[in-house]
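In what follows, a single structure is set out as structure tokens and then discussed.
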Amino acid sequence: MLTLLLKEISSFLSSLIGYIVITVFLLINGLFLWVFQGDFNILDFGYANLDGLFMIAPFVFLFLIPAITMRLFAEEKRTGTMELILTKPLTEFEIVMAKFLSGLILVIFSLLPTLVYFFSVYQLGLPKGNIDMGGMWGSYIGLLFLGASFVAIGMFASSLTDNQIVSFIIAVFLCGFLYIGFDFIYSFDLFGKIDLLIKSLGINDHYKSMSRGVIDTRDMIYFLGIISFFILLSKYSIERRKW
């Protein structure tokens with residue numbers, strides 16, 4: 001499993017896709033936080049916080065993470081190397097976990113440079129360091145869980161097809177629906193007493209909860225449940241190739 005994981009990470013870093021994803025993520029967030037005028041601009045807002053980053057980043061991830069994951073299984077199927085991997089002394093679960101962890105590591109690589117934004121805001125505070133540390137670290141943890149969820153969803157989409165574009169479209173749709181789809185349904189106020197339950201099924205509700213700086217075990221269980229569910233779906237999808 002470790003060999004496959006290192007191979008996947010090497011594949012990302014030896015091609016342009018890994019660097020493009022990290023650069024685009026940092027560039028888009030940097031432009032909105034420091035250059036473009038508006039509600040997200042830290043200097044215009046007048047308060048030392050990174051709320052803009054944690055509002056923009058999920059929507060950037062919504063497209064960038066499917067771009068990362070679309071090749072995980074689809075490319076293997078297209079080139080015929082999937083059958084070769086399945087002949088290795090690895091279980092389907094180990095193959096899926098190696099693919100998942102490689103995508104998650106790339107997401108972590110894209111988040112690490114944003115600590116420069118945190119250091120900048122920390123220095124800009126009056127007095128210096130006047131920043132909501134609990135809310136910030138809670139938001140980072142929430143963003144990491146959200147990224148991991150998108151990776152698991154994108155990996156499942158990639159396991160369904162040998163076409164990377166189709167995989168990308170499926171992943172964007174599934175990620176988008178799970179992130180804001182339930183909020184959209186909730187806004188219609190159609191189900192009375194269970195409206196709040198429907199809203200709580202969406203990723204955004206739990207992501208916002210963690211962004212307040214309170215790490216609730218219910219939110220963590222929710223994210224771990226989403227990740228585990230799509231990992232198992234990916235495993236099942238791979239197992240079907242043996243039938």
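For the structure tokens, the naming scheme is as follows: chains receive sequential letters (A, B, ...) according to their order of presentation, residues are indexed from 1 within each chain, and ligands are indexed from 1 in presentation order.
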Can you list, as a VMD selection string, every protein, DNA or RNA residue that comes within 10 Å of A:Thr91 when you count only C-alpha atoms, leaving out same-chain residues fewer than 6 positions away? chain A and resid 1 85 97 235 239
Only C-alpha atoms, please: the residues just picked out, written as a PDB file, in the first residue's frame.
ATOM      1  CA  MET A   1       0.000   0.000   0.000  1.00  0.00           C
ATOM      2  CA  ILE A  85      -2.742  -3.040 -10.009  1.00  0.00           C
ATOM      3  CA  MET A  97      -6.969   4.003   0.660  1.00  0.00           C
ATOM      4  CA  LYS A 235     -14.097  -0.235  -2.928  1.00  0.00           C
ATOM      5  CA  GLU A 239     -14.555  -5.063  -6.718  1.00  0.00           C
TER       6      GLU A 239
END
Tell me, as a list in words, which residues lie within 7 Å of A:Ile56, counting only C-alpha atoms; anything in the same chain fewer than 4 positions away does not count.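 Non-adjacent residues within range: Asn29, Gly52 and Val60 of chain A.
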From the list A:Gly176, A:Gly80, A:Gly192, A:Gly202, which residue is nearest A:Phe150 when using only C-alpha atoms?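 Looking only at the distances to A:Phe150, the closest residue turns out to be A:Gly176.
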Tell me which protein, DNA and RNA residues are within 10 Å of A:Phe59, counting only C-alpha atoms, leaving out same-chain ones fewer than 3 positions away, and put them as an MDAnalysis selection string. chainID A and resid 54:56 62:64 175:176 179
Leaving out A:Leu174 and any residue of its chain fewer than 2 positions from it, which residues lie within 12 Å of it when counting only C-alpha atoms, given as a list in words?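 The contact residues come out as Leu62, Phe63, Pro66, Ser149, Phe150, Val151, Ala152, Ile153, Gly154, Met155, Phe156, Ala157, Ser167, Phe168, Ile169, Ile170, Ala171, Val172, Gly176, Phe177, Leu178, Tyr179, Ile180, Gly181, Phe182, Gly202, Ile203, Ile226 and Phe230 of chain A.
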Exercise: A:Leu72 partners within 9 Å, only C-alpha atoms, chain neighbours under 4 positions left out, as a list in words: Glu8, Ile68, Glu76, Lys99, Phe100, Gly103, Gly154, Met155, Ser158, Ser159 and Gln164 of chain A
Considering only C-alpha atoms, give me a table of residues in stretch 1-34 of chain A that are at most 12 Å from stretch 119-135 of chain A, with the closest atom pair and distance in Å for each, as a tab-separated table.
residue	atom	partner	partner_atom	distance
A:Gly30	CA	A:Ser120	CA	11.9
A:Leu33	CA	A:Val121	CA	10.7
A:Trp34	CA	A:Ser120	CA	10.7
Using backbone DSSP assignments, extract all helix (DSSP H, G or I) residues from chain A; output them as a PDB file with C-alpha atoms, in the first residue's frame.
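The resulting out14.pdb:
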ATOM      1  CA  LEU A   2       2.820   2.398   0.896  1.00  0.00           C
ATOM      2  CA  THR A   3       4.465   1.751  -2.462  1.00  0.00           C
ATOM      3  CA  LEU A   4       1.250   2.606  -4.313  1.00  0.00           C
ATOM      4  CA  LEU A   5       0.750   5.699  -2.147  1.00  0.00           C
ATOM      5  CA  LEU A   6       4.274   6.955  -2.887  1.00  0.00           C
ATOM      6  CA  LYS A   7       3.725   6.206  -6.584  1.00  0.00           C
ATOM      7  CA  GLU A   8       0.550   8.296  -6.613  1.00  0.00           C
ATOM      8  CA  ILE A   9       2.185  11.214  -4.796  1.00  0.00           C
ATOM      9  CA  SER A  10       5.181  11.032  -7.136  1.00  0.00           C
ATOM     10  CA  SER A  11       2.805  11.005 -10.097  1.00  0.00           C
ATOM     11  CA  PHE A  12       1.144  14.197  -8.849  1.00  0.00           C
ATOM     12  CA  LEU A  13       4.421  15.975  -8.162  1.00  0.00           C
ATOM     13  CA  SER A  14       6.190  14.819 -11.320  1.00  0.00           C
ATOM     14  CA  LEU A  16       2.086  19.772 -13.713  1.00  0.00           C
ATOM     15  CA  ILE A  17      -1.302  18.941 -12.220  1.00  0.00           C
ATOM     16  CA  GLY A  18      -0.141  19.002  -8.590  1.00  0.00           C
ATOM     17  CA  TYR A  19       1.646  22.332  -8.943  1.00  0.00           C
ATOM     18  CA  ILE A  20      -1.196  23.832 -10.987  1.00  0.00           C
ATOM     19  CA  VAL A  21      -3.772  22.876  -8.352  1.00  0.00           C
ATOM     20  CA  ILE A  22      -1.715  24.355  -5.503  1.00  0.00           C
ATOM     21  CA  THR A  23      -0.904  27.518  -7.482  1.00  0.00           C
ATOM     22  CA  VAL A  24      -4.496  28.097  -8.604  1.00  0.00           C
ATOM     23  CA  PHE A  25      -5.811  27.564  -5.069  1.00  0.00           C
ATOM     24  CA  LEU A  26      -3.362  30.056  -3.589  1.00  0.00           C
ATOM     25  CA  LEU A  27      -3.771  32.545  -6.435  1.00  0.00           C
ATOM     26  CA  ILE A  28      -7.572  32.678  -6.308  1.00  0.00           C
ATOM     27  CA  ASN A  29      -7.667  33.003  -2.534  1.00  0.00           C
ATOM     28  CA  GLY A  30      -4.813  35.513  -2.525  1.00  0.00           C
ATOM     29  CA  LEU A  31      -6.495  37.745  -5.096  1.00  0.00           C
ATOM     30  CA  PHE A  32      -9.799  37.834  -3.211  1.00  0.00           C
ATOM     31  CA  LEU A  33      -8.146  38.326   0.189  1.00  0.00           C
ATOM     32  CA  TRP A  34      -5.551  40.954  -0.713  1.00  0.00           C
ATOM     33  CA  VAL A  35      -6.157  42.438  -4.185  1.00  0.00           C
ATOM     34  CA  ILE A  42      -8.818  41.748   4.544  1.00  0.00           C
ATOM     35  CA  LEU A  43      -7.446  45.287   4.246  1.00  0.00           C
ATOM     36  CA  ASP A  44     -10.823  46.736   3.221  1.00  0.00           C
ATOM     37  CA  PHE A  45     -12.720  44.789   5.888  1.00  0.00           C
ATOM     38  CA  ASP A  51     -13.069  34.535   7.425  1.00  0.00           C
ATOM     39  CA  GLY A  52     -12.772  35.352   3.722  1.00  0.00           C
ATOM     40  CA  LEU A  53     -10.384  32.453   3.148  1.00  0.00           C
ATOM     41  CA  PHE A  54     -12.728  29.948   4.762  1.00  0.00           C
ATOM     42  CA  MET A  55     -15.698  31.260   2.769  1.00  0.00           C
ATOM     43  CA  ILE A  56     -13.910  31.189  -0.603  1.00  0.00           C
ATOM     44  CA  ALA A  57     -11.826  28.016  -0.211  1.00  0.00           C
ATOM     45  CA  PRO A  58     -14.743  25.505  -0.227  1.00  0.00           C
ATOM     46  CA  PHE A  59     -15.958  26.805  -3.594  1.00  0.00           C
ATOM     47  CA  VAL A  60     -12.420  26.681  -5.004  1.00  0.00           C
ATOM     48  CA  PHE A  61     -12.080  23.106  -3.694  1.00  0.00           C
ATOM     49  CA  LEU A  62     -15.419  22.295  -5.314  1.00  0.00           C
ATOM     50  CA  PHE A  63     -13.717  22.424  -8.712  1.00  0.00           C
ATOM     51  CA  LEU A  64     -10.041  21.844  -7.933  1.00  0.00           C
ATOM     52  CA  ILE A  65     -10.435  18.620  -5.955  1.00  0.00           C
ATOM     53  CA  PRO A  66     -12.489  16.894  -8.696  1.00  0.00           C
ATOM     54  CA  ALA A  67      -9.704  17.982 -11.072  1.00  0.00           C
ATOM     55  CA  ILE A  68      -7.238  16.144  -8.798  1.00  0.00           C
ATOM     56  CA  THR A  69      -9.313  13.022  -8.309  1.00  0.00           C
ATOM     57  CA  ALA A  74     -10.306   6.733 -14.660  1.00  0.00           C
ATOM     58  CA  GLU A  75      -6.771   7.067 -16.025  1.00  0.00           C
ATOM     59  CA  GLU A  76      -5.845   3.589 -14.777  1.00  0.00           C
ATOM     60  CA  LYS A  77      -8.878   2.151 -16.542  1.00  0.00           C
ATOM     61  CA  ARG A  78      -8.212   4.057 -19.760  1.00  0.00           C
ATOM     62  CA  THR A  79      -4.596   2.930 -19.993  1.00  0.00           C
ATOM     63  CA  THR A  81      -3.073  -0.460 -15.799  1.00  0.00           C
ATOM     64  CA  MET A  82      -6.006  -1.030 -13.435  1.00  0.00           C
ATOM     65  CA  GLU A  83      -5.879  -4.769 -14.134  1.00  0.00           C
ATOM     66  CA  LEU A  84      -2.145  -4.727 -13.371  1.00  0.00           C
ATOM     67  CA  ILE A  85      -2.742  -3.040 -10.009  1.00  0.00           C
ATOM     68  CA  LEU A  86      -5.435  -5.577  -9.140  1.00  0.00           C
ATOM     69  CA  GLU A  92      -9.198  -3.482  -2.931  1.00  0.00           C
ATOM     70  CA  PHE A  93      -9.428  -1.531   0.322  1.00  0.00           C
ATOM     71  CA  GLU A  94      -5.671  -0.890   0.375  1.00  0.00           C
ATOM     72  CA  ILE A  95      -5.763   0.295  -3.248  1.00  0.00           C
ATOM     73  CA  VAL A  96      -8.633   2.666  -2.500  1.00  0.00           C
ATOM     74  CA  MET A  97      -6.969   4.003   0.660  1.00  0.00           C
ATOM     75  CA  ALA A  98      -3.682   4.619  -1.168  1.00  0.00           C
ATOM     76  CA  LYS A  99      -5.544   6.625  -3.815  1.00  0.00           C
ATOM     77  CA  PHE A 100      -7.541   8.513  -1.186  1.00  0.00           C
ATOM     78  CA  LEU A 101      -4.507   9.398   0.940  1.00  0.00           C
ATOM     79  CA  SER A 102      -2.564  10.611  -2.097  1.00  0.00           C
ATOM     80  CA  GLY A 103      -5.368  13.042  -2.958  1.00  0.00           C
ATOM     81  CA  LEU A 104      -5.677  14.139   0.676  1.00  0.00           C
ATOM     82  CA  ILE A 105      -1.933  14.804   0.949  1.00  0.00           C
ATOM     83  CA  LEU A 106      -2.099  17.068  -2.097  1.00  0.00           C
ATOM     84  CA  VAL A 107      -4.971  18.966  -0.447  1.00  0.00           C
ATOM     85  CA  ILE A 108      -2.843  19.373   2.694  1.00  0.00           C
ATOM     86  CA  PHE A 109       0.047  20.652   0.549  1.00  0.00           C
ATOM     87  CA  SER A 110      -2.297  23.296  -0.885  1.00  0.00           C
ATOM     88  CA  LEU A 111      -3.440  24.391   2.584  1.00  0.00           C
ATOM     89  CA  LEU A 112      -0.011  24.690   4.222  1.00  0.00           C
ATOM     90  CA  PRO A 113       1.085  27.827   2.299  1.00  0.00           C
ATOM     91  CA  THR A 114      -2.081  29.629   3.478  1.00  0.00           C
ATOM     92  CA  LEU A 115      -0.441  29.796   6.899  1.00  0.00           C
ATOM     93  CA  VAL A 116       1.423  32.762   5.386  1.00  0.00           C
ATOM     94  CA  TYR A 117      -1.970  34.521   5.252  1.00  0.00           C
ATOM     95  CA  PHE A 118      -2.478  33.687   8.927  1.00  0.00           C
ATOM     96  CA  PHE A 119       0.953  35.081   9.850  1.00  0.00           C
ATOM     97  CA  SER A 120       0.191  38.278   7.894  1.00  0.00           C
ATOM     98  CA  VAL A 121      -3.176  38.767   9.614  1.00  0.00           C
ATOM     99  CA  TYR A 122      -1.583  37.973  12.980  1.00  0.00           C
ATOM    100  CA  GLN A 123       0.942  40.770  12.419  1.00  0.00           C
ATOM    101  CA  LEU A 124      -1.727  43.213  11.197  1.00  0.00           C
ATOM    102  CA  MET A 133      -7.366  31.658  17.271  1.00  0.00           C
ATOM    103  CA  GLY A 134     -10.091  29.174  18.208  1.00  0.00           C
ATOM    104  CA  GLY A 135     -12.268  30.100  15.251  1.00  0.00           C
ATOM    105  CA  MET A 136      -9.292  30.069  12.884  1.00  0.00           C
ATOM    106  CA  TRP A 137      -8.001  26.622  13.855  1.00  0.00           C
ATOM    107  CA  GLY A 138     -11.555  25.279  13.918  1.00  0.00           C
ATOM    108  CA  SER A 139     -11.999  26.598  10.379  1.00  0.00           C
ATOM    109  CA  TYR A 140      -8.751  24.951   9.265  1.00  0.00           C
ATOM    110  CA  ILE A 141      -9.849  21.626  10.734  1.00  0.00           C
ATOM    111  CA  GLY A 142     -13.257  22.006   9.090  1.00  0.00           C
ATOM    112  CA  LEU A 143     -11.650  22.854   5.753  1.00  0.00           C
ATOM    113  CA  LEU A 144      -9.410  19.785   6.030  1.00  0.00           C
ATOM    114  CA  PHE A 145     -12.406  17.542   6.711  1.00  0.00           C
ATOM    115  CA  LEU A 146     -14.297  19.172   3.840  1.00  0.00           C
ATOM    116  CA  GLY A 147     -11.343  18.609   1.506  1.00  0.00           C
ATOM    117  CA  ALA A 148     -11.089  14.968   2.619  1.00  0.00           C
ATOM    118  CA  SER A 149     -14.815  14.517   1.931  1.00  0.00           C
ATOM    119  CA  PHE A 150     -14.456  15.980  -1.559  1.00  0.00           C
ATOM    120  CA  VAL A 151     -11.471  13.689  -2.236  1.00  0.00           C
ATOM    121  CA  ALA A 152     -13.504  10.622  -1.207  1.00  0.00           C
ATOM    122  CA  ILE A 153     -16.433  11.734  -3.391  1.00  0.00           C
ATOM    123  CA  GLY A 154     -14.171  12.524  -6.352  1.00  0.00           C
ATOM    124  CA  MET A 155     -12.408   9.182  -6.019  1.00  0.00           C
ATOM    125  CA  PHE A 156     -15.751   7.378  -6.136  1.00  0.00           C
ATOM    126  CA  ALA A 157     -16.710   9.336  -9.262  1.00  0.00           C
ATOM    127  CA  SER A 158     -13.402   8.350 -10.858  1.00  0.00           C
ATOM    128  CA  SER A 159     -14.041   4.679 -10.060  1.00  0.00           C
ATOM    129  CA  GLN A 164     -11.748  11.828 -16.786  1.00  0.00           C
ATOM    130  CA  ILE A 165     -14.151  14.544 -17.974  1.00  0.00           C
ATOM    131  CA  VAL A 166     -17.177  12.453 -17.004  1.00  0.00           C
ATOM    132  CA  SER A 167     -15.529  11.743 -13.646  1.00  0.00           C
ATOM    133  CA  PHE A 168     -14.947  15.482 -13.120  1.00  0.00           C
ATOM    134  CA  ILE A 169     -18.574  16.370 -13.900  1.00  0.00           C
ATOM    135  CA  ILE A 170     -19.979  13.660 -11.619  1.00  0.00           C
ATOM    136  CA  ALA A 171     -17.659  14.705  -8.788  1.00  0.00           C
ATOM    137  CA  VAL A 172     -18.529  18.415  -9.094  1.00  0.00           C
ATOM    138  CA  PHE A 173     -22.241  17.583  -9.066  1.00  0.00           C
ATOM    139  CA  LEU A 174     -22.011  15.276  -6.035  1.00  0.00           C
ATOM    140  CA  CYS A 175     -19.721  17.627  -4.086  1.00  0.00           C
ATOM    141  CA  GLY A 176     -21.882  20.641  -4.937  1.00  0.00           C
ATOM    142  CA  PHE A 177     -25.097  18.908  -3.935  1.00  0.00           C
ATOM    143  CA  LEU A 178     -23.708  17.622  -0.635  1.00  0.00           C
ATOM    144  CA  TYR A 179     -22.153  20.999   0.153  1.00  0.00           C
ATOM    145  CA  ILE A 180     -25.018  23.402  -0.615  1.00  0.00           C
ATOM    146  CA  GLY A 181     -27.827  21.265  -2.050  1.00  0.00           C
ATOM    147  CA  PHE A 182     -29.475  20.560   1.305  1.00  0.00           C
ATOM    148  CA  ASP A 183     -29.281  24.255   2.220  1.00  0.00           C
ATOM    149  CA  PHE A 184     -31.079  25.010  -1.039  1.00  0.00           C
ATOM    150  CA  ILE A 185     -33.828  22.486  -0.229  1.00  0.00           C
ATOM    151  CA  TYR A 186     -34.085  23.896   3.307  1.00  0.00           C
ATOM    152  CA  SER A 187     -34.633  27.413   1.937  1.00  0.00           C
ATOM    153  CA  GLY A 192     -42.017  21.709   8.303  1.00  0.00           C
ATOM    154  CA  LYS A 193     -40.500  20.230  11.434  1.00  0.00           C
ATOM    155  CA  ILE A 194     -37.865  18.194   9.614  1.00  0.00           C
ATOM    156  CA  ASP A 195     -36.450  21.150   7.670  1.00  0.00           C
ATOM    157  CA  LEU A 196     -33.586  21.511  10.164  1.00  0.00           C
ATOM    158  CA  LEU A 197     -32.856  17.789   9.870  1.00  0.00           C
ATOM    159  CA  ILE A 198     -32.607  18.139   6.094  1.00  0.00           C
ATOM    160  CA  LYS A 199     -30.279  21.110   6.471  1.00  0.00           C
ATOM    161  CA  SER A 200     -28.069  19.120   8.870  1.00  0.00           C
ATOM    162  CA  ILE A 203     -21.713  19.466   4.530  1.00  0.00           C
ATOM    163  CA  ASN A 204     -22.014  23.252   4.807  1.00  0.00           C
ATOM    164  CA  ASP A 205     -23.976  23.091   8.050  1.00  0.00           C
ATOM    165  CA  HIS A 206     -21.254  21.060   9.780  1.00  0.00           C
ATOM    166  CA  TYR A 207     -18.442  23.046   8.184  1.00  0.00           C
ATOM    167  CA  LYS A 208     -19.911  26.299   9.532  1.00  0.00           C
ATOM    168  CA  SER A 209     -20.305  24.708  12.944  1.00  0.00           C
ATOM    169  CA  MET A 210     -16.610  23.788  13.093  1.00  0.00           C
ATOM    170  CA  SER A 211     -15.651  27.253  11.830  1.00  0.00           C
ATOM    171  CA  THR A 217     -17.966  15.265  17.979  1.00  0.00           C
ATOM    172  CA  ARG A 218     -21.219  15.204  15.986  1.00  0.00           C
ATOM    173  CA  ASP A 219     -19.594  17.226  13.228  1.00  0.00           C
ATOM    174  CA  MET A 220     -16.517  14.997  13.207  1.00  0.00           C
ATOM    175  CA  ILE A 221     -18.664  11.853  13.107  1.00  0.00           C
ATOM    176  CA  TYR A 222     -20.618  13.351  10.206  1.00  0.00           C
ATOM    177  CA  PHE A 223     -17.480  14.039   8.155  1.00  0.00           C
ATOM    178  CA  LEU A 224     -15.931  10.672   9.000  1.00  0.00           C
ATOM    179  CA  GLY A 225     -19.219   9.035   7.979  1.00  0.00           C
ATOM    180  CA  ILE A 226     -19.234  10.822   4.587  1.00  0.00           C
ATOM    181  CA  ILE A 227     -15.596   9.914   3.954  1.00  0.00           C
ATOM    182  CA  SER A 228     -16.058   6.277   4.989  1.00  0.00           C
ATOM    183  CA  PHE A 229     -19.241   5.915   2.934  1.00  0.00           C
ATOM    184  CA  PHE A 230     -17.625   7.038  -0.313  1.00  0.00           C
ATOM    185  CA  ILE A 231     -14.444   5.056   0.366  1.00  0.00           C
ATOM    186  CA  LEU A 232     -16.593   1.931   0.730  1.00  0.00           C
ATOM    187  CA  LEU A 233     -18.516   2.813  -2.431  1.00  0.00           C
ATOM    188  CA  SER A 234     -15.209   3.143  -4.288  1.00  0.00           C
ATOM    189  CA  LYS A 235     -14.097  -0.235  -2.928  1.00  0.00           C
ATOM    190  CA  TYR A 236     -17.350  -1.826  -4.089  1.00  0.00           C
ATOM    191  CA  SER A 237     -16.987  -0.205  -7.517  1.00  0.00           C
ATOM    192  CA  ILE A 238     -13.464  -1.620  -7.887  1.00  0.00           C
ATOM    193  CA  GLU A 239     -14.555  -5.063  -6.718  1.00  0.00           C
ATOM    194  CA  ARG A 240     -17.170  -5.175  -9.482  1.00  0.00           C
ATOM    195  CA  ARG A 241     -14.393  -5.249 -12.082  1.00  0.00           C
ATOM    196  CA  LYS A 242     -13.553  -8.776 -10.936  1.00  0.00           C
TER     197      LYS A 242
END
Rounded to one decimal place, report the atom CA of A:Phe36-atom CA of A:Asn49 distance in Å.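 Separation of atom CA of A:Phe36 and atom CA of A:Asn49: 16.6 Å.
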